[in-house]
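These notes are about the structure you will find just below.
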Amino acid sequence: MNRLIPYLSNHLIGVTVMALLLKTVLVTLISFHAPVTTWYDVVLLIIGPLGTIMLFVGISFLFTRLMRPWLLITAYVIVTGLLYANVLYYRFYIDFVTVPVLFQLSNVGGLGPSTVELLSPWDPFLVLDLILIIYLMKRKRKHHTPFYTPNKKSYTFTAFATIAITFALALMQTPYLLKVDYDRELLVTSLGLYNYQFVNIATSIKVPIEKAMADEGEAKAANKKLTRTEEEETDLFGVAEDKNVIIISLESTQGFVIDEDVNGESITPFMNELIEDSFYFSNIYDQTAQGKTSDAEFMISTGLYPLPSGSAFVRYPKNTYQSLPKILQEAGGYQAYSFHANDRTFWNREEMYTALGYEEFFSKRDYKVTEENSVNYGLKDIPFYEQSMEMLKDLPEPYLAKFLMLTNHFPFLLEEEDQFIDKANTDLEVVNRYMTTVRYEDEALKRFFELLKEANMYEDNIFVIYGDHYGISKQYEEGVHQFLDEKDTPLNHLALQRIPLIIHVPGQEGREIDITGGQIDIRATLLHLLGVDDRNNMSLSRNLLTRSGDHPVVFRDGGFVTENYAYIERGCYNREQEKKVSQSKCTPYLKQARDELRISDHLIQRDLLRFLE
Ligand code: GP9
Ligand code: MN
């Protein structure tokens with residue numbers, strides 16, 4: 001002890017760095033529940049915060065020796081403050097503070113009166129190290145020992161090198177890390193809470209620059225290109241006028257499961273029955289890209305295509321959109337709500353929902369999520385609906401309520417008690433399990449309808465139920481071909497890209513509509529059924545009840561499918577003849593596809609809709 005105290009006192013900078021590091025590591029483990037399963041994780045956990053802490057503390061070198069103790073304390077307060085702000089924010093939002101939130105303290109204070117409730121008796125431990133630091137400083141002053149500072153150059157080099165190594169290691173572990181800037185949990189656990197702020201800052205600089213390049217002329221030109229003249233009248237226009245709208249996103253649900261069974265037991269018994277009394281669109285294709293669930297939500301809300309890379313939800317949440325909630329609000333005084341028992345920041349939903357005009361987002365924090373009622377990504381679909389009902393009951397009408405299901409998500413995990421059918425019997429376990437999670441999803445849907453009926457809330461809705469994207473990726477598709485007893489051909493692969501689309505209006509007679517269409521068309525179709533004229537809106541969505549089978553359904557990679565032709569995997573196919581044909585047959589459609597994608601991209605990336613409000 002006799003030697004230790006003077007030693008620590010001499011190395012005050014090192015002591016401060018170590019104290020802040022230790023605290024950050026403990027908080028990351030205990031408060032943020034960082035998953036540490038490998039040695040690699042341990043290394044990242046420790047070096048992640050180290051470089052940035054060193055930089056903060058090192059700022060004191062830039063000033064006179066007299067000021068250094070004060071600057072050291074300032075660095076301590078900043079780092080501890082950032083850490084504690086995140087601890088509090090995380091306790092409430094299960095999320096991390098972003099730089100803009102920090103600058104708008106009222107937002108962090110958005111915790112408001114509940115902040116007191118968020119305090120824990122353990123919190124004072126976060127500043128326990130301050131006692132040691134102040135004691136060491138006082139001792140220094142008493143003994144008139146100089147304020148020891150390490151060599152500036154090597155210190156700065158070590159700090160930057162540590163940061164660089166952290167990024168390199170994190171990227172080696174998760175190569176797409178910087179592309180998923182929506183996944184703050186992953187960023188914080190890979191890069192450390194403080195390095196994550198760099199990513200945060202970089203993102204917030206890039207977006208406004210791209211936006212600044214746009215002008216009004218461009219917006220008008222795009223608007224002209226989109227003006228539609230087709231006849232839109234059908235006998236179904238307005239059949240669901242003034243009804244509440246319930247939109248259900250079936251997680252990872254592909255069309256092939258409909259009417260299929262495993263060992264004689266139906267995979268989707270409820271949906272099969274529902275289809276009998278619904279408009280069932282049997283040829284609708286998945287058009288999502290890297291934004292997956294959020295891309296489907298984006299298309300349905302905006303009538304625009306997903307982005308070529310990344311998710312529009314993540315990259316353009318500050319844009320102006322002519323969204324479904326806004327159109328319905330204007331046309332019929334609707335208010336829009338989204339129900340999804342996941343973190344608010346996943347796919348940046350919280351922020352994007354505001355831009356899209358949602359009134360409220362019922363997310364994980366609004367549900368009782370326990371180990372017993374969760375599987376895989378979180379709350380199971382049946383308790384999800386049971387709990388959602390309680391919130392739905394209180395909403396003012398008319399409402400647009402969107403429900404995002406979750407259980408049928410890769411890798412399709414389910415407890416024994418929730419398995420209502422046998423697994424399939426293909427060579428691929430993932431595919432075998434998929435049948436059981438789809439069956440569970442179907443059961444949850446059935447439960448939701450029962451609950452609505454029990455509460456006398458069933459009749460007054462139009463239900464739009466759609467598969468959000470594929471569940472079985474190309475990697476496992478062989479198992480599906482095996483299940484369906486078909487060959488692995490490009491056209492069979494294309495057929496598997498279909499998702500179910502069921503539009504149910506209680507009281508309306510069911511019919512199958514086999515027009516070739518895409519998810520982007522859901523919006524125009526729904527508006528038509530609600531009796532809302534969509535022709536003046538800037539969207540690429542086409543009404544499935546009037547759509548031409550010759551108009552290409554555009555995929556994000558530039559491919560397409562029409563009634564007769566398809567362009568996939570760089571080949572042009574005649575679908576009826578089931579054979580590859582000359583590229584020239586596809587050329588006009590390919591151009592149309594490119595044009596549509598270009599207009600959509602410009603509208604989003606240059607935020608053109610803001611000029612046309
Ligand atoms: C999670 C949900 C599922 O919130 O969106 O994620 P995804 O299907 O997009 O991977
Ligand atoms: Mn999904």
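Labels for the structure tokens follow display order: chains A, B, ..., residues from 1 in each chain, ligands from 1.
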Which residues of chain A sit at most 7 Å from ligand 2, using only C-alpha atoms and all ligand atoms? Give each one's shortest atom pair and distance in Å (one decimal place), in chain and ascending residue order, as CSV.
residue,atom,partner,partner_atom_place_in_ligand_line,distance
A:Glu251,CA,ligand 2,1 (Mn),4.7
A:Ser252,CA,ligand 2,1 (Mn),5.3
A:Lys292,CA,ligand 2,1 (Mn),5.6
A:Thr293,CA,ligand 2,1 (Mn),3.9
A:His409,CA,ligand 2,1 (Mn),6.8
A:Asp468,CA,ligand 2,1 (Mn),5.6
A:His469,CA,ligand 2,1 (Mn),6.2
Can you write just those residues out, C-alpha atoms, as a short mmCIF file (atom, residue, chain, number, x, y, z; two decimals), in the first residue's frame?
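The result, stored in selection.cif:
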data_model
loop_
_atom_site.label_atom_id
_atom_site.label_comp_id
_atom_site.auth_asym_id
_atom_site.auth_seq_id
_atom_site.Cartn_x
_atom_site.Cartn_y
_atom_site.Cartn_z
CA GLU A 251 -42.94 -13.04 -41.20
CA SER A 252 -40.91 -14.91 -43.85
CA LYS A 292 -36.37 -7.18 -45.71
CA THR A 293 -39.40 -6.66 -43.45
CA HIS A 409 -38.27 -16.05 -38.52
CA ASP A 468 -43.12 -10.03 -46.06
CA HIS A 469 -40.32 -11.87 -47.94
#
Please tabulate, as CSV, the residues of chain A that come within 10 Å of ligand 1, each with its closest pair of atoms and the distance in Å to one decimal, counting only C-alpha atoms and all ligand atoms and ordering rows by chain, then residue number upward.
residue,atom,partner,partner_atom_place_in_ligand_line,distance
A:Ser249,CA,ligand 1,5 (O),9.5
A:Leu250,CA,ligand 1,8 (O),9.6
A:Glu251,CA,ligand 1,8 (O),6.3
A:Ser252,CA,ligand 1,8 (O),6.5
A:Thr288,CA,ligand 1,9 (O),9.8
A:Ala289,CA,ligand 1,9 (O),9.9
A:Gln290,CA,ligand 1,9 (O),8.5
A:Gly291,CA,ligand 1,9 (O),6.3
A:Lys292,CA,ligand 1,9 (O),4.3
A:Thr293,CA,ligand 1,9 (O),3.9
A:Ser294,CA,ligand 1,9 (O),6.0
A:Asp295,CA,ligand 1,9 (O),8.1
A:Ala296,CA,ligand 1,9 (O),9.0
A:Glu297,CA,ligand 1,5 (O),9.4
A:Ser311,CA,ligand 1,9 (O),9.8
A:His340,CA,ligand 1,4 (O),7.1
A:Ala341,CA,ligand 1,4 (O),7.8
A:Asn342,CA,ligand 1,4 (O),5.3
A:Asp343,CA,ligand 1,4 (O),7.0
A:Arg344,CA,ligand 1,4 (O),8.3
A:Thr345,CA,ligand 1,4 (O),8.5
A:Phe346,CA,ligand 1,4 (O),5.3
A:Trp347,CA,ligand 1,4 (O),6.7
A:Asn348,CA,ligand 1,4 (O),9.4
A:Arg349,CA,ligand 1,4 (O),8.4
A:Ser363,CA,ligand 1,4 (O),9.5
A:Lys364,CA,ligand 1,4 (O),9.8
A:Tyr377,CA,ligand 1,1 (C),7.3
A:Gly378,CA,ligand 1,1 (C),9.1
A:Leu404,CA,ligand 1,2 (C),7.4
A:Met405,CA,ligand 1,2 (C),7.8
A:Leu406,CA,ligand 1,3 (C),6.3
A:Thr407,CA,ligand 1,3 (C),9.1
A:Asn408,CA,ligand 1,8 (O),9.1
A:His409,CA,ligand 1,8 (O),6.5
A:Phe410,CA,ligand 1,10 (O),8.0
A:Asp468,CA,ligand 1,8 (O),7.5
A:His469,CA,ligand 1,8 (O),7.5
A:Tyr470,CA,ligand 1,8 (O),9.0
A:Gly471,CA,ligand 1,8 (O),8.4
Hey, what does DSSP flag as alpha helix (DSSP H) within range 238-305 of chain A? Can you give it to me as a ChimeraX atom specification? /A:269-276,292-302
Taking 6 positions as the minimum chain separation for residues in the same chain, which residues sit within 7 Å of Ile513 in chain A when counting only C-alpha atoms? Answer as a ChimeraX atom specification. /A:279-282
Output of the above residues as an mmCIF file, in the first residue's frame, restricted to all heavy atoms:
data_model
loop_
_atom_site.group_PDB
_atom_site.id
_atom_site.type_symbol
_atom_site.label_atom_id
_atom_site.label_comp_id
_atom_site.auth_asym_id
_atom_site.auth_seq_id
_atom_site.Cartn_x
_atom_site.Cartn_y
_atom_site.Cartn_z
ATOM 1 N N PHE A 279 -60.415 -12.060 -51.071
ATOM 2 C CA PHE A 279 -59.759 -11.866 -52.358
ATOM 3 C C PHE A 279 -58.373 -12.462 -52.164
ATOM 4 O O PHE A 279 -57.591 -11.966 -51.352
ATOM 5 C CB PHE A 279 -59.640 -10.381 -52.704
ATOM 6 C CG PHE A 279 -60.961 -9.655 -52.667
ATOM 7 C CD1 PHE A 279 -61.106 -8.486 -51.940
ATOM 8 C CD2 PHE A 279 -62.063 -10.154 -53.359
ATOM 9 C CE1 PHE A 279 -62.332 -7.823 -51.888
ATOM 10 C CE2 PHE A 279 -63.296 -9.505 -53.314
ATOM 11 C CZ PHE A 279 -63.423 -8.340 -52.577
ATOM 12 N N TYR A 280 -58.112 -13.519 -52.881
ATOM 13 C CA TYR A 280 -56.822 -14.180 -52.710
ATOM 14 C C TYR A 280 -56.004 -13.953 -53.965
ATOM 15 O O TYR A 280 -56.362 -14.399 -55.053
ATOM 16 C CB TYR A 280 -57.033 -15.674 -52.453
ATOM 17 C CG TYR A 280 -55.747 -16.471 -52.430
ATOM 18 C CD1 TYR A 280 -54.675 -16.075 -51.632
ATOM 19 C CD2 TYR A 280 -55.599 -17.627 -53.204
ATOM 20 C CE1 TYR A 280 -53.494 -16.792 -51.610
ATOM 21 C CE2 TYR A 280 -54.427 -18.356 -53.190
ATOM 22 C CZ TYR A 280 -53.369 -17.934 -52.390
ATOM 23 O OH TYR A 280 -52.199 -18.644 -52.376
ATOM 24 N N PHE A 281 -54.915 -13.231 -53.790
ATOM 25 C CA PHE A 281 -54.031 -12.911 -54.916
ATOM 26 C C PHE A 281 -52.919 -13.960 -54.936
ATOM 27 O O PHE A 281 -52.054 -13.962 -54.065
ATOM 28 C CB PHE A 281 -53.465 -11.505 -54.742
ATOM 29 C CG PHE A 281 -54.541 -10.436 -54.711
ATOM 30 C CD1 PHE A 281 -55.171 -10.094 -53.521
ATOM 31 C CD2 PHE A 281 -54.942 -9.792 -55.874
ATOM 32 C CE1 PHE A 281 -56.169 -9.127 -53.488
ATOM 33 C CE2 PHE A 281 -55.941 -8.819 -55.857
ATOM 34 C CZ PHE A 281 -56.554 -8.483 -54.661
ATOM 35 N N SER A 282 -52.981 -14.828 -55.923
ATOM 36 C CA SER A 282 -52.109 -16.006 -55.873
ATOM 37 C C SER A 282 -50.800 -15.860 -56.663
ATOM 38 O O SER A 282 -50.000 -16.786 -56.697
ATOM 39 C CB SER A 282 -52.877 -17.227 -56.372
ATOM 40 O OG SER A 282 -53.488 -16.929 -57.615
#
Need to verify the contact set: Thr38 in chain A, 12 Å, only C-alpha atoms, exclusion of same-chain residues closer than 6 positions in sequence. Can you return it as an MDAnalysis selection string? chainID A and resid 44:45 173
I'd like the neighbourhood of Lys318 in chain A as a short mmCIF file (atom, residue, chain, number, x, y, z; two decimals) with all heavy atoms, in the first residue's frame, where a residue qualifies if any of its atoms comes within 9 Å (using only C-alpha atoms), though same-chain residues fewer than 5 positions away should be ignored.
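Saved as result-v6.cif:
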data_model
loop_
_atom_site.label_atom_id
_atom_site.label_comp_id
_atom_site.auth_asym_id
_atom_site.auth_seq_id
_atom_site.Cartn_x
_atom_site.Cartn_y
_atom_site.Cartn_z
N GLU A 351 -38.10 6.06 -35.80
CA GLU A 351 -37.91 7.31 -36.52
C GLU A 351 -38.72 7.32 -37.82
O GLU A 351 -39.37 8.30 -38.16
CB GLU A 351 -36.42 7.48 -36.81
CG GLU A 351 -36.05 8.90 -37.15
CD GLU A 351 -34.58 9.07 -37.50
OE1 GLU A 351 -33.84 8.06 -37.51
OE2 GLU A 351 -34.19 10.20 -37.81
N MET A 352 -38.66 6.23 -38.55
CA MET A 352 -39.34 6.17 -39.85
C MET A 352 -40.85 6.25 -39.71
O MET A 352 -41.52 6.88 -40.53
CB MET A 352 -38.94 4.89 -40.57
CG MET A 352 -39.46 4.83 -41.98
SD MET A 352 -38.85 6.24 -42.97
CE MET A 352 -39.11 5.60 -44.62
N THR A 354 -42.49 7.94 -37.70
CA THR A 354 -42.87 9.34 -37.55
C THR A 354 -42.97 9.99 -38.93
O THR A 354 -43.93 10.68 -39.24
CB THR A 354 -41.82 10.09 -36.69
OG1 THR A 354 -41.64 9.33 -35.49
CG2 THR A 354 -42.24 11.49 -36.35
N ALA A 355 -41.95 9.72 -39.78
CA ALA A 355 -41.96 10.29 -41.13
C ALA A 355 -43.16 9.78 -41.93
O ALA A 355 -43.69 10.48 -42.78
CB ALA A 355 -40.67 9.94 -41.85
N ASP A 607 -34.95 13.12 -52.00
CA ASP A 607 -36.08 13.60 -51.20
C ASP A 607 -36.99 14.55 -52.00
O ASP A 607 -37.32 15.65 -51.56
CB ASP A 607 -35.55 14.30 -49.93
CG ASP A 607 -36.65 14.61 -48.93
OD1 ASP A 607 -37.76 14.06 -49.09
OD2 ASP A 607 -36.39 15.40 -48.01
#
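In this comparison, which uses only C-alpha atoms, the residue of A:Leu400, A:Leu428, A:Val480, A:Ile503 approaching Ile275 in chain A most closely is A:Ile503.
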So which bits of range 178-258 of chain A end up strand (DSSP E or B) when you DSSP the backbone, as JSON, numbers by chain? {"A": [244, 245, 246, 247, 248, 249, 250]}
Closest to Leu178 in chain A among A:Ile515, A:Ile163, A:Leu545, A:Val199, using only C-alpha atoms? A:Val199
Skip Lys225 in chain A itself and residues of its chain fewer than 3 positions away, then list as a compact mmCIF listing (two decimals) with C-alpha atoms, in the first residue's frame all residues within 10 Å of it, counting only C-alpha atoms.
# COMPACT_ATOMS: atom_id res chain seq x y z
CA LYS A 220 -41.82 18.12 -61.26
CA ALA A 221 -40.27 16.05 -64.06
CA ALA A 222 -40.62 12.90 -61.98
CA ARG A 228 -51.32 7.74 -64.67
CA MET A 538 -46.57 9.90 -56.64
CA ASP A 595 -37.03 3.48 -65.55
CA GLU A 596 -39.31 2.67 -62.64
CA ILE A 599 -37.62 7.31 -60.68
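Nearest residue to Phe270 in chain A, choosing from A:Ile258, A:Ile73, A:Leu132, A:Ala34 and counting only C-alpha atoms: A:Ile258.
Across the structure, CA of Ile30 in chain A and CA of Asp123 in chain A are spaced 12.2 Å apart.
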Residues at most 12 Å from Tyr565 in chain A, counting only C-alpha atoms, excluding those fewer than 2 positions away in the same chain, as a ChimeraX atom specification? /A:491,494,516,549-553,559-563,567-568,571-590
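Distances here use only C-alpha atoms; by that measure, the residue among A:Phe483, A:Leu356, A:Leu177, A:Phe61 closest to Glu260 in chain A is A:Phe483.
Shortest separation to Ser323 in chain A among A:Ile165, A:Leu527, A:Leu50, A:Ile13 occurs at residue A:Leu527, atoms counted being only C-alpha atoms.
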